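A.B. asks: You'll find upload-v7.txt just under this line, and it carries compact mmCIF, C-alpha atoms.
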```txt
# COMPACT_ATOMS: atom_id res chain seq x y z
CA MET A 3 -145.19 -81.33 46.32
CA SER A 4 -148.30 -82.00 48.32
CA LYS A 5 -150.59 -84.75 47.12
CA ALA A 6 -153.59 -82.59 47.95
CA THR A 7 -153.97 -79.80 45.42
CA THR A 8 -156.63 -77.20 45.89
CA VAL A 9 -158.35 -76.63 42.59
CA ASN A 10 -159.76 -73.17 42.01
CA PRO A 11 -162.41 -73.33 39.26
CA ALA A 12 -161.85 -69.63 38.53
CA ILE A 13 -158.27 -70.27 37.38
CA ASP A 14 -157.83 -74.03 36.85
CA LEU A 15 -159.07 -76.61 34.36
CA VAL A 16 -159.89 -80.20 35.28
CA PHE A 17 -160.53 -83.06 32.86
CA GLU A 18 -161.56 -86.47 34.11
CA ARG A 19 -162.05 -89.74 32.24
CA PHE A 20 -162.57 -93.39 32.99
CA ILE A 21 -160.26 -95.51 30.84
CA ASP A 22 -161.23 -99.16 30.54
CA ALA A 23 -157.61 -100.34 30.72
CA PRO A 24 -155.08 -101.10 33.44
CA THR A 25 -153.26 -98.18 35.06
CA ARG A 26 -149.90 -99.53 33.85
CA LEU A 27 -150.98 -98.93 30.22
CA VAL A 28 -152.17 -95.40 30.99
CA TRP A 29 -148.84 -94.68 32.70
CA GLU A 30 -146.92 -96.04 29.71
CA ALA A 31 -148.95 -93.88 27.29
CA LEU A 32 -148.18 -90.80 29.43
CA THR A 33 -144.48 -91.39 29.97
CA LYS A 34 -143.10 -92.88 26.73
CA PRO A 35 -142.40 -90.45 23.87
CA GLU A 36 -143.40 -92.99 21.22
CA HIS A 37 -146.88 -93.12 22.77
CA LEU A 38 -147.16 -89.36 23.34
CA LYS A 39 -146.66 -88.85 19.61
CA GLU A 40 -149.85 -90.84 19.02
CA TRP A 41 -152.23 -88.81 21.17
CA TYR A 42 -150.81 -85.56 22.60
CA MET A 43 -151.69 -83.21 19.71
CA PRO A 44 -155.21 -83.21 18.25
CA LYS A 45 -154.70 -85.05 14.95
CA ALA A 46 -156.86 -82.61 12.98
CA TRP A 47 -154.65 -79.74 14.17
CA GLY A 48 -151.18 -81.17 13.61
CA ARG A 49 -148.74 -83.63 15.11
CA VAL A 50 -146.02 -84.10 17.70
CA ALA A 51 -142.77 -83.35 15.88
CA ARG A 52 -140.46 -84.35 18.75
CA ALA A 53 -140.84 -85.64 22.28
CA GLU A 54 -138.28 -86.17 25.01
CA MET A 55 -138.97 -87.15 28.59
CA ASP A 56 -136.78 -87.94 31.56
CA VAL A 57 -139.50 -89.00 33.98
CA ARG A 58 -137.99 -88.03 37.33
CA PRO A 59 -138.15 -84.89 39.46
CA GLY A 60 -136.06 -82.26 37.67
CA GLY A 61 -136.16 -84.24 34.43
CA ILE A 62 -137.03 -82.84 31.02
CA PHE A 63 -140.57 -82.69 29.67
CA SER A 64 -140.26 -81.59 26.05
CA ILE A 65 -142.92 -81.90 23.37
CA ASP A 66 -142.61 -79.92 20.15
CA ILE A 67 -145.84 -79.71 18.19
CA ALA A 68 -146.20 -78.98 14.50
CA THR A 69 -149.40 -77.40 13.24
CA GLY A 70 -151.01 -78.20 9.92
CA ASP A 71 -149.25 -75.26 8.26
CA GLY A 72 -145.86 -76.68 9.29
CA LYS A 73 -145.07 -74.22 12.10
CA GLU A 74 -143.42 -75.83 15.12
CA PHE A 75 -143.98 -74.81 18.71
CA PRO A 76 -141.68 -76.05 21.47
CA ASN A 77 -143.14 -77.00 24.83
CA LEU A 78 -140.41 -77.36 27.42
CA GLY A 79 -140.83 -78.01 31.08
CA CYS A 80 -139.65 -79.87 34.13
CA PHE A 81 -141.10 -82.78 36.07
CA LEU A 82 -141.78 -81.86 39.69
CA GLU A 83 -143.21 -85.09 41.07
CA VAL A 84 -143.28 -88.65 39.80
CA ILE A 85 -145.12 -91.40 41.66
CA PRO A 86 -145.28 -94.29 39.18
CA MET A 87 -148.78 -95.24 38.11
CA LYS A 88 -150.35 -92.74 40.52
CA ARG A 89 -149.23 -89.14 39.97
CA LEU A 90 -147.25 -87.11 37.47
CA VAL A 91 -146.63 -83.37 37.87
CA TRP A 92 -144.78 -81.06 35.50
CA THR A 93 -144.58 -77.34 34.88
CA SER A 94 -143.62 -74.98 32.10
CA MET A 95 -142.51 -72.46 34.76
CA LEU A 96 -139.23 -74.35 35.14
CA PHE A 97 -136.85 -75.81 32.61
CA PRO A 98 -135.08 -79.14 33.23
CA GLY A 99 -132.93 -79.23 36.34
CA TYR A 100 -135.35 -76.77 38.00
CA ARG A 101 -133.85 -73.87 36.02
CA PRO A 102 -136.10 -70.78 35.89
CA ALA A 103 -137.97 -70.66 32.60
CA VAL A 104 -138.06 -67.73 30.22
CA PHE A 105 -140.69 -67.83 27.48
CA ASP A 106 -143.61 -65.89 26.07
CA ASP A 107 -146.42 -68.38 26.54
CA ILE A 108 -149.02 -68.94 29.25
CA PRO A 109 -147.39 -71.07 31.96
CA ILE A 110 -149.17 -73.98 33.57
CA THR A 111 -148.50 -76.66 36.10
CA ALA A 112 -150.04 -79.95 35.05
CA ILE A 113 -151.09 -82.58 37.56
CA VAL A 114 -152.11 -86.02 36.39
CA THR A 115 -153.52 -88.48 38.89
CA MET A 116 -154.69 -91.96 38.15
CA GLY A 117 -156.02 -94.83 40.15
CA THR A 118 -157.45 -98.25 39.65
CA GLU A 119 -161.21 -98.33 39.42
CA GLY A 120 -162.56 -101.83 38.89
CA THR A 121 -160.67 -103.20 35.88
CA GLY A 122 -159.90 -99.73 34.55
CA THR A 123 -158.32 -96.44 35.49
CA ARG A 124 -159.73 -93.13 36.71
CA TYR A 125 -157.63 -90.44 34.99
CA VAL A 126 -157.67 -86.79 36.10
CA PHE A 127 -155.71 -84.01 34.36
CA THR A 128 -155.56 -80.65 36.10
CA ALA A 129 -153.99 -77.53 34.57
CA LEU A 130 -153.16 -74.90 37.19
CA HIS A 131 -152.92 -71.30 35.98
CA ARG A 132 -151.54 -68.16 37.65
CA ASN A 133 -154.72 -66.13 37.31
CA GLU A 134 -158.06 -65.72 35.52
CA ALA A 135 -156.47 -63.84 32.61
CA ASP A 136 -154.11 -66.75 31.89
CA LEU A 137 -157.00 -69.21 32.04
CA GLU A 138 -159.09 -67.10 29.65
CA THR A 139 -156.17 -66.74 27.25
CA ASN A 140 -155.65 -70.51 27.27
CA LYS A 141 -159.35 -71.12 26.69
CA SER A 142 -159.52 -68.71 23.75
CA SER A 143 -156.26 -70.02 22.24
CA GLY A 144 -157.66 -73.53 21.85
CA PHE A 145 -155.81 -75.02 24.83
CA TYR A 146 -159.05 -76.06 26.54
CA GLU A 147 -160.61 -77.60 23.43
CA GLY A 148 -157.32 -79.18 22.35
CA THR A 149 -156.70 -80.72 25.76
CA GLY A 150 -160.13 -82.36 25.70
CA ILE A 151 -159.47 -83.75 22.22
CA ALA A 152 -156.00 -84.96 23.22
CA ILE A 153 -157.38 -86.75 26.28
CA ASP A 154 -160.00 -88.45 24.11
CA GLN A 155 -157.15 -89.52 21.81
CA LEU A 156 -155.24 -90.78 24.88
CA VAL A 157 -158.21 -92.95 25.83
CA THR A 158 -158.45 -94.36 22.29
CA HIS A 159 -154.70 -94.99 22.18
CA VAL A 160 -154.62 -96.75 25.56
CA LEU A 161 -157.56 -98.96 24.53
CA ALA A 162 -155.64 -99.93 21.38
CA MET A 163 -152.66 -100.89 23.57
CA LYS A 164 -154.71 -103.52 25.44
```
Please, can you express the file's structure as structure tokens?
C.D. replies:
Amino acid sequence: MSKATTVNPAIDLVFERFIDAPTRLVWEALTKPEHLKEWYMPKAWGRVARAEMDVRPGGIFSIDIATGDGKEFPNLGCFLEVIPMKRLVWTSMLFPGYRPAVFDDIPITAIVTMGTEGTGTRYVFTALHRNEADLETNKSSGFYEGTGIAIDQLVTHVLAMK
């Protein structure tokens, strides 16, 4: 996958944060299931019920979330690109092993980039969508709001890891 991704504001979402912690801690919080459980789901909305990650191209990205009413929602995908402590790309369009995905949710490709900035880390999360309708559905479903909350929780979690 190309390192340069063209972001289209009409169909993509971008979240950016400065995290006052070393990049190695941000990477650990992103790639270890025990850390994902602490920040990935907005705490007021539910929790991460299960998480499994094989952080390599073709490897599994699986995070099942449980909402406050006890319903569980699986999120299964495949890592496309892994450049330790710099870039992590996964998609819900493919299942592990690059198998074509079949599901009834809005697919995304997620691109996380990070880089050292002073003594901290510049973190950028980009969610690529197929079209404007998918983006609007994700916004109205709570994906946009929830992602912002989850990233704030990521920052808090990484700071606690220092």
A.B. asks: Report as a count of residues only all protein, DNA and RNA residues lying within 8 Å of stretch 28-30 of chain A, evaluated on only C-alpha atoms, omitting residues in the same chain fewer than 3 positions from it.
C.D. replies: 10
A.B. asks: Compute the distance from (-148.7, -69.7, 34.2) to each atom, counting only C-alpha atoms, keep the residues with any atom at most 10 Å away, and return them as a list in words; use the coordinates of the file.
C.D. replies: Thr93, Ser94, Met95, Asp107, Ile108, Pro109, Ile110, Thr111, Ala129, Leu130, His131, Arg132, Asn133, Ala135, Asp136, Leu137 and Asn140 of chain A
A.B. asks: Store the residues picked out above, limited to C-alpha atoms, as a PDB file, in the frame of the given file.
C.D. replies:
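The result, written out as selection-v2.pdb:
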```pdb
ATOM      1  CA  THR A  93    -144.580 -77.340  34.880  1.00  0.00           C
ATOM      2  CA  SER A  94    -143.620 -74.980  32.100  1.00  0.00           C
ATOM      3  CA  MET A  95    -142.510 -72.460  34.760  1.00  0.00           C
ATOM      4  CA  ASP A 107    -146.420 -68.380  26.540  1.00  0.00           C
ATOM      5  CA  ILE A 108    -149.020 -68.940  29.250  1.00  0.00           C
ATOM      6  CA  PRO A 109    -147.390 -71.070  31.960  1.00  0.00           C
ATOM      7  CA  ILE A 110    -149.170 -73.980  33.570  1.00  0.00           C
ATOM      8  CA  THR A 111    -148.500 -76.660  36.100  1.00  0.00           C
ATOM      9  CA  ALA A 129    -153.990 -77.530  34.570  1.00  0.00           C
ATOM     10  CA  LEU A 130    -153.160 -74.900  37.190  1.00  0.00           C
ATOM     11  CA  HIS A 131    -152.920 -71.300  35.980  1.00  0.00           C
ATOM     12  CA  ARG A 132    -151.540 -68.160  37.650  1.00  0.00           C
ATOM     13  CA  ASN A 133    -154.720 -66.130  37.310  1.00  0.00           C
ATOM     14  CA  ALA A 135    -156.470 -63.840  32.610  1.00  0.00           C
ATOM     15  CA  ASP A 136    -154.110 -66.750  31.890  1.00  0.00           C
ATOM     16  CA  LEU A 137    -157.000 -69.210  32.040  1.00  0.00           C
ATOM     17  CA  ASN A 140    -155.650 -70.510  27.270  1.00  0.00           C
TER      18      ASN A 140
END
```
A.B. asks: Expressed in Å to a single decimal, how great is the separation between atom CA of A:Tyr42 and atom CA of A:Ala152?
C.D. replies: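 That distance, rounded to one decimal, is 5.3 Å.
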A.B. asks: Set the distance at 8 Å and use only C-alpha atoms: which residues neighbour A:Glu18 once local chain neighbours fewer than 3 positions away are removed? I'd like the list as a short mmCIF file (atom, residue, chain, number, x, y, z; two decimals) with C-alpha atoms, in the frame of the given file.
C.D. replies:
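Wrote around-v2.cif, looks like this:
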```cif
data_model
loop_
_atom_site.label_atom_id
_atom_site.label_comp_id
_atom_site.auth_asym_id
_atom_site.auth_seq_id
_atom_site.Cartn_x
_atom_site.Cartn_y
_atom_site.Cartn_z
CA ARG A 124 -159.73 -93.13 36.71
CA TYR A 125 -157.63 -90.44 34.99
CA VAL A 126 -157.67 -86.79 36.10
CA PHE A 127 -155.71 -84.01 34.36
#
```
A.B. asks: In Å, how far is it from atom CA of A:Glu138 to atom CA of A:Val9?
C.D. replies: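 Interatomic distance here is 16.1 Å.
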A.B. asks: Which residue gives the smallest distance to A:Lys88 among A:Lys45, A:Glu147, A:Met163, A:Gly117, with only C-alpha atoms counted?
C.D. replies: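 Residue with the minimum atom-to-atom distance to A:Lys88: A:Gly117.
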A.B. asks: Tell me, in Å to one decimal, how far atom CA of A:Trp41 is from atom CA of A:Gly144.
C.D. replies: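 For atom CA of A:Trp41 relative to atom CA of A:Gly144, the distance reads 16.2 Å.
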A.B. asks: Have a look at A:Thr118, A:Thr158, A:Ser64, A:Thr128 and name the one nearest to A:Asp14; count all atoms listed in the file.
C.D. replies: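 Nearest candidate to A:Asp14 out of A:Thr118, A:Thr158, A:Ser64, A:Thr128: A:Thr128.
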A.B. asks: Which of these residues is nearest to A:Val91, using all atoms listed in the file: A:Gly150, A:Gly122, A:Gly61, A:Pro35?
C.D. replies: A:Gly61
A.B. asks: Using all atoms listed in the file, pick whichever of A:Glu134, A:Cys80, A:Asp56, A:Val50 has the shortest atom-to-atom distance to A:Ala12.
C.D. replies: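 The shortest atom-to-atom distance to A:Ala12 comes from A:Glu134.
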A.B. asks: Looking at A:Val157, A:Ala53, A:Leu38, A:Ala103, which one is nearest to A:Phe75, with distances taken over all atoms listed in the file?
C.D. replies: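 When distances to A:Phe75 are compared using all atoms listed in the file, the smallest one comes from A:Ala53.
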A.B. asks: Given only C-alpha atoms as the basis, pick out the residue of A:Ala68, A:Ile85, A:Ile151, A:Val57 nearest to A:Thr115.
C.D. replies: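 The closest residue to A:Thr115 is A:Ile85.
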A.B. asks: Show which residues sit within 10 Å of A:Met43, as an MDAnalysis selection string. Count all atoms listed in the file, and ignore same-chain residues fewer than 5 positions away.
C.D. replies: chainID A and resid 38 48:51 65:69 148:149 151:153 155:156
A.B. asks: Which polymer residues have any atom within 9 Å of an atom of A:Phe81, counting all atoms listed in the file, with same-chain residues fewer than 6 positions away left out, as an NGL selection string?
C.D. replies: :A and (55-63 or 90-93 or 96-100)
